[in-house]
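A.B. asks: So I've got this file, query33.tsv, and it contains TSV, N, CA and C atoms:
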chain	number	residue	atom	x	y	z
A	1137	PRO	N	32.19	7.53	11.88
A	1137	PRO	CA	30.77	7.43	12.18
A	1137	PRO	C	30.41	8.11	13.49
A	1138	GLN	N	29.22	8.66	13.51
A	1138	GLN	CA	28.75	9.34	14.71
A	1138	GLN	C	28.27	8.32	15.73
A	1139	GLU	N	28.66	8.51	16.98
A	1139	GLU	CA	28.27	7.59	18.05
A	1139	GLU	C	26.88	7.97	18.56
A	1140	LEU	N	26.03	6.97	18.72
A	1140	LEU	CA	24.70	7.17	19.28
A	1140	LEU	C	24.74	6.79	20.74
A	1141	LYS	N	24.42	7.73	21.59
A	1141	LYS	CA	24.42	7.46	23.02
A	1141	LYS	C	22.99	7.54	23.53
A	1142	VAL	N	22.54	6.48	24.19
A	1142	VAL	CA	21.18	6.41	24.70
A	1142	VAL	C	21.25	6.22	26.21
A	1143	GLU	N	20.59	7.08	26.92
A	1143	GLU	CA	20.52	6.95	28.37
A	1143	GLU	C	19.45	5.93	28.73
A	1144	PRO	N	19.72	5.05	29.69
A	1144	PRO	CA	18.76	3.99	30.05
A	1144	PRO	C	17.37	4.52	30.38
A	1145	ARG	N	17.25	5.67	30.98
A	1145	ARG	CA	15.93	6.20	31.34
A	1145	ARG	C	15.11	6.58	30.11
A	1146	GLU	N	15.76	6.68	28.94
A	1146	GLU	CA	15.06	7.04	27.70
A	1146	GLU	C	14.52	5.83	26.97
A	1147	VAL	N	14.85	4.64	27.43
A	1147	VAL	CA	14.45	3.42	26.74
A	1147	VAL	C	13.52	2.63	27.65
A	1148	ALA	N	12.34	2.31	27.13
A	1148	ALA	CA	11.39	1.50	27.90
A	1148	ALA	C	11.06	0.27	27.09
A	1149	GLY	N	10.84	-0.82	27.77
A	1149	GLY	CA	10.47	-2.02	27.05
A	1149	GLY	C	10.63	-3.25	27.90
A	1150	THR	N	10.41	-4.37	27.28
A	1150	THR	CA	10.47	-5.64	27.96
A	1150	THR	C	11.32	-6.59	27.14
A	1151	ILE	N	12.11	-7.39	27.82
A	1151	ILE	CA	12.89	-8.42	27.15
A	1151	ILE	C	12.29	-9.76	27.53
A	1152	VAL	N	12.02	-10.58	26.51
A	1152	VAL	CA	11.52	-11.93	26.74
A	1152	VAL	C	12.63	-12.88	26.32
A	1153	VAL	N	13.14	-13.63	27.27
A	1153	VAL	CA	14.23	-14.56	27.00
A	1153	VAL	C	13.71	-15.98	27.17
A	1154	CYS	N	13.87	-16.80	26.16
A	1154	CYS	CA	13.47	-18.20	26.28
A	1154	CYS	C	14.39	-19.03	25.41
A	1155	GLY	N	14.68	-20.20	25.88
A	1155	GLY	CA	15.53	-21.10	25.11
A	1155	GLY	C	14.74	-22.34	24.74
A	1156	GLY	N	15.05	-22.88	23.61
A	1156	GLY	CA	14.33	-24.08	23.19
A	1156	GLY	C	12.98	-23.75	22.62
A	1157	LYS	N	11.98	-24.48	23.01
A	1157	LYS	CA	10.63	-24.35	22.45
A	1157	LYS	C	9.90	-23.13	22.99
A	1158	VAL	N	9.23	-22.41	22.10
A	1158	VAL	CA	8.37	-21.30	22.48
A	1158	VAL	C	6.97	-21.86	22.64
A	1159	THR	N	6.47	-21.91	23.86
A	1159	THR	CA	5.14	-22.45	24.11
A	1159	THR	C	4.07	-21.43	23.72
A	1160	ASP	N	2.82	-21.89	23.64
A	1160	ASP	CA	1.71	-20.99	23.33
A	1160	ASP	C	1.58	-19.90	24.39
A	1161	ASP	N	1.78	-20.24	25.66
A	1161	ASP	CA	1.70	-19.24	26.73
A	1161	ASP	C	2.77	-18.15	26.56
A	1162	ILE	N	3.99	-18.57	26.24
A	1162	ILE	CA	5.07	-17.60	26.02
A	1162	ILE	C	4.75	-16.74	24.80
A	1163	ALA	N	4.32	-17.34	23.73
A	1163	ALA	CA	4.00	-16.59	22.51
A	1163	ALA	C	2.88	-15.59	22.76
A	1164	ARG	N	1.85	-15.99	23.48
A	1164	ARG	CA	0.72	-15.11	23.77
A	1164	ARG	C	1.18	-13.88	24.58
A	1165	GLU	N	1.98	-14.12	25.62
A	1165	GLU	CA	2.47	-13.02	26.45
A	1165	GLU	C	3.43	-12.13	25.67
A	1166	PHE	N	4.29	-12.74	24.88
A	1166	PHE	CA	5.23	-11.98	24.05
A	1166	PHE	C	4.46	-11.03	23.13
A	1167	LEU	N	3.44	-11.55	22.44
A	1167	LEU	CA	2.67	-10.70	21.53
A	1167	LEU	C	1.91	-9.61	22.28
A	1168	ARG	N	1.42	-9.91	23.45
A	1168	ARG	CA	0.73	-8.89	24.25
A	1168	ARG	C	1.71	-7.74	24.56
A	1169	LEU	N	2.91	-8.11	25.01
A	1169	LEU	CA	3.92	-7.10	25.34
A	1169	LEU	C	4.40	-6.34	24.10
A	1170	ALA	N	4.37	-6.98	22.95
A	1170	ALA	CA	4.84	-6.37	21.70
A	1170	ALA	C	3.80	-5.48	21.03
A	1171	GLY	N	2.57	-5.48	21.56
A	1171	GLY	CA	1.54	-4.62	20.97
A	1171	GLY	C	0.36	-5.34	20.39
A	1172	GLY	N	0.26	-6.65	20.63
A	1172	GLY	CA	-0.90	-7.41	20.15
A	1172	GLY	C	-1.00	-7.41	18.64
A	1173	GLU	N	-2.17	-7.06	18.12
A	1173	GLU	CA	-2.40	-7.07	16.67
A	1173	GLU	C	-1.59	-6.00	15.95
A	1174	LYS	N	-1.05	-5.03	16.69
A	1174	LYS	CA	-0.23	-3.98	16.08
A	1174	LYS	C	1.26	-4.34	16.09
A	1175	ALA	N	1.60	-5.48	16.67
A	1175	ALA	CA	3.00	-5.88	16.80
A	1175	ALA	C	3.65	-6.07	15.44
A	1176	ARG	N	4.90	-5.63	15.34
A	1176	ARG	CA	5.70	-5.81	14.13
A	1176	ARG	C	6.93	-6.61	14.55
A	1177	LEU	N	6.98	-7.87	14.14
A	1177	LEU	CA	8.05	-8.76	14.56
A	1177	LEU	C	9.08	-8.96	13.47
A	1178	VAL	N	10.32	-9.13	13.90
A	1178	VAL	CA	11.41	-9.50	13.01
A	1178	VAL	C	12.05	-10.74	13.59
A	1179	VAL	N	12.10	-11.81	12.82
A	1179	VAL	CA	12.69	-13.07	13.27
A	1179	VAL	C	14.15	-13.08	12.84
A	1180	ILE	N	15.04	-13.25	13.80
A	1180	ILE	CA	16.48	-13.31	13.53
A	1180	ILE	C	16.98	-14.64	14.09
A	1181	PRO	N	17.02	-15.68	13.26
A	1181	PRO	CA	17.33	-17.03	13.74
A	1181	PRO	C	18.83	-17.31	13.86
A	1182	THR	N	19.54	-16.47	14.58
A	1182	THR	CA	20.99	-16.64	14.68
A	1182	THR	C	21.40	-17.80	15.56
A	1183	ALA	N	20.52	-18.27	16.42
A	1183	ALA	CA	20.88	-19.35	17.34
A	1183	ALA	C	20.65	-20.73	16.74
A	1184	SER	N	20.27	-20.80	15.48
A	1184	SER	CA	19.95	-22.08	14.87
A	1184	SER	C	20.87	-22.36	13.68
A	1185	ASP	N	21.30	-23.61	13.57
A	1185	ASP	CA	22.06	-23.99	12.38
A	1185	ASP	C	21.11	-24.27	11.21
A	1186	LEU	N	19.81	-24.16	11.46
A	1186	LEU	CA	18.80	-24.38	10.43
A	1186	LEU	C	18.15	-23.06	10.01
A	1187	ALA	N	18.87	-21.95	10.16
A	1187	ALA	CA	18.31	-20.62	9.95
A	1187	ALA	C	17.74	-20.38	8.57
A	1188	ASP	N	18.25	-21.04	7.54
A	1188	ASP	CA	17.79	-20.78	6.18
A	1188	ASP	C	16.89	-21.86	5.62
A	1189	GLY	N	16.53	-22.84	6.40
A	1189	GLY	CA	15.78	-23.96	5.87
A	1189	GLY	C	14.33	-23.99	6.30
A	1190	PRO	N	13.71	-25.16	6.19
A	1190	PRO	CA	12.31	-25.33	6.55
A	1190	PRO	C	12.02	-24.99	8.00
A	1191	SER	N	12.98	-25.20	8.87
A	1191	SER	CA	12.78	-24.89	10.28
A	1191	SER	C	12.52	-23.40	10.47
A	1192	ALA	N	13.28	-22.55	9.78
A	1192	ALA	CA	13.09	-21.10	9.87
A	1192	ALA	C	11.72	-20.72	9.31
A	1193	THR	N	11.32	-21.32	8.22
A	1193	THR	CA	10.01	-21.04	7.62
A	1193	THR	C	8.89	-21.40	8.59
A	1194	ARG	N	9.01	-22.54	9.25
A	1194	ARG	CA	8.00	-22.95	10.23
A	1194	ARG	C	7.93	-21.97	11.39
A	1195	PHE	N	9.09	-21.47	11.84
A	1195	PHE	CA	9.10	-20.52	12.95
A	1195	PHE	C	8.43	-19.21	12.56
A	1196	ILE	N	8.69	-18.73	11.34
A	1196	ILE	CA	8.04	-17.51	10.86
A	1196	ILE	C	6.53	-17.73	10.77
A	1197	GLU	N	6.12	-18.86	10.24
A	1197	GLU	CA	4.69	-19.16	10.16
A	1197	GLU	C	4.06	-19.28	11.55
A	1198	PHE	N	4.80	-19.83	12.51
A	1198	PHE	CA	4.33	-19.92	13.90
A	1198	PHE	C	3.91	-18.53	14.39
A	1199	TRP	N	4.74	-17.52	14.13
A	1199	TRP	CA	4.40	-16.17	14.59
A	1199	TRP	C	3.29	-15.55	13.75
A	1200	LYS	N	3.32	-15.74	12.44
A	1200	LYS	CA	2.25	-15.19	11.59
A	1200	LYS	C	0.89	-15.72	12.00
A	1201	ASP	N	0.82	-17.00	12.37
A	1201	ASP	CA	-0.45	-17.61	12.77
A	1201	ASP	C	-1.03	-17.00	14.03
A	1202	ARG	N	-0.24	-16.29	14.79
A	1202	ARG	CA	-0.69	-15.70	16.05
A	1202	ARG	C	-1.21	-14.27	15.90
A	1203	GLY	N	-1.16	-13.72	14.68
A	1203	GLY	CA	-1.87	-12.48	14.37
A	1203	GLY	C	-1.20	-11.14	14.59
A	1204	PRO	N	0.13	-11.05	14.59
A	1204	PRO	CA	0.71	-9.70	14.66
A	1204	PRO	C	0.50	-8.97	13.34
A	1205	ALA	N	0.77	-7.68	13.33
A	1205	ALA	CA	0.60	-6.88	12.09
A	1205	ALA	C	1.55	-7.37	11.00
A	1206	THR	N	2.82	-7.60	11.35
A	1206	THR	CA	3.79	-8.09	10.38
A	1206	THR	C	4.78	-9.03	11.03
A	1207	VAL	N	5.33	-9.92	10.21
A	1207	VAL	CA	6.44	-10.78	10.62
A	1207	VAL	C	7.42	-10.83	9.47
A	1208	ASP	N	8.64	-10.41	9.71
A	1208	ASP	CA	9.68	-10.41	8.67
A	1208	ASP	C	10.85	-11.24	9.15
Starting from the coordinates I provided, produce the structure as structure tokens.
C.D. replies:
Amino acid sequence: PQELKVEPREVAGTIVVCGGKVTDDIAREFLRLAGGEKARLVVIPTASDLADGPSATRFIEFWKDRGPATVD
């Protein structure tokens, strides 16, 4: 396989790190940084033992309710 090398100066962005509950303030700022209504989110629930159950569905709905373009 071909190796992809990315120089740090070529990558711009913001990392939002939070543990536990995502508050409305955190969600609002996260979506602003992600592009607001144009944001395209992907939920990867690797930190939860409930990743495939109702808890994951509620988390996806939590983000959809905040109005990004897509949530997958």
A.B. asks: One decimal, Å: what's the distance from CA of Val1178 in chain A over to CA of Asp1161 in chain A, could you say?
C.D. replies: 19.4 Å
A.B. asks: To one decimal place, how far is CA of Leu1169 in chain A from atom C of Val1153 in chain A in Å?
C.D. replies: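 Between these atoms lies a distance of 13.3 Å.
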A.B. asks: Taking (2.2, -7.7, 13.7) in the file's own coordinates, collect the residues within 7 Å, counting only C-alpha atoms, and hand them back as JSON, numbers by chain.
C.D. replies: {"A": [1173, 1174, 1175, 1176, 1177, 1203, 1204, 1205, 1206, 1207]}
A.B. asks: How far is it from atom C of Glu1165 in chain A to CA of Lys1141 in chain A, in Å with one decimal?
C.D. replies: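 One can read the atom C of Glu1165 in chain A to CA of Lys1141 in chain A distance as 28.8 Å.
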A.B. asks: Would you compute, for all listed atoms of range 1156-1160 of chain A, the axis-aligned bounding box grown by 4 Å on each side, and then report its centre and edge lengths in Å rounded to one decimal, as lines of an AutoDock Vina configuration file?
C.D. replies:
center_x = 8.3
center_y = -22.2
center_z = 23.2
size_x = 21.5
size_y = 12.6
size_z = 10.3
A.B. asks: Using only C-alpha atoms, which residues sit within 12 Å of Phe1198 in chain A once same-chain residues fewer than 5 positions away are excluded, as a list in words?
C.D. replies: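 That gives Lys1157, Val1158, Thr1159, Asp1160, Ala1163, Arg1164, Leu1177, Val1179, Ser1191, Ala1192, Thr1193, Gly1203, Pro1204 and Val1207 of chain A.
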A.B. asks: Range 1141-1176 of chain A: which residues are helix (DSSP H, G or I) by DSSP, as number ranges by chain?
C.D. replies: A: 1144-1146, 1160-1170, 1172-1174
A.B. asks: Find the residue from A:Val1152, A:Leu1167, A:Leu1140, A:Ile1162 that sits nearest to Lys1200 in chain A; use only C-alpha atoms when measuring.
C.D. replies: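 When distances to Lys1200 in chain A are compared using only C-alpha atoms, the smallest one comes from A:Leu1167.
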A.B. asks: Rank nothing, just name the residue among A:Asp1208, A:Phe1195, A:Arg1202, A:Glu1139 nearest to Gly1172 in chain A, using all atoms listed in the file.
C.D. replies: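 Closest to Gly1172 in chain A, using all atoms listed in the file: A:Arg1202.
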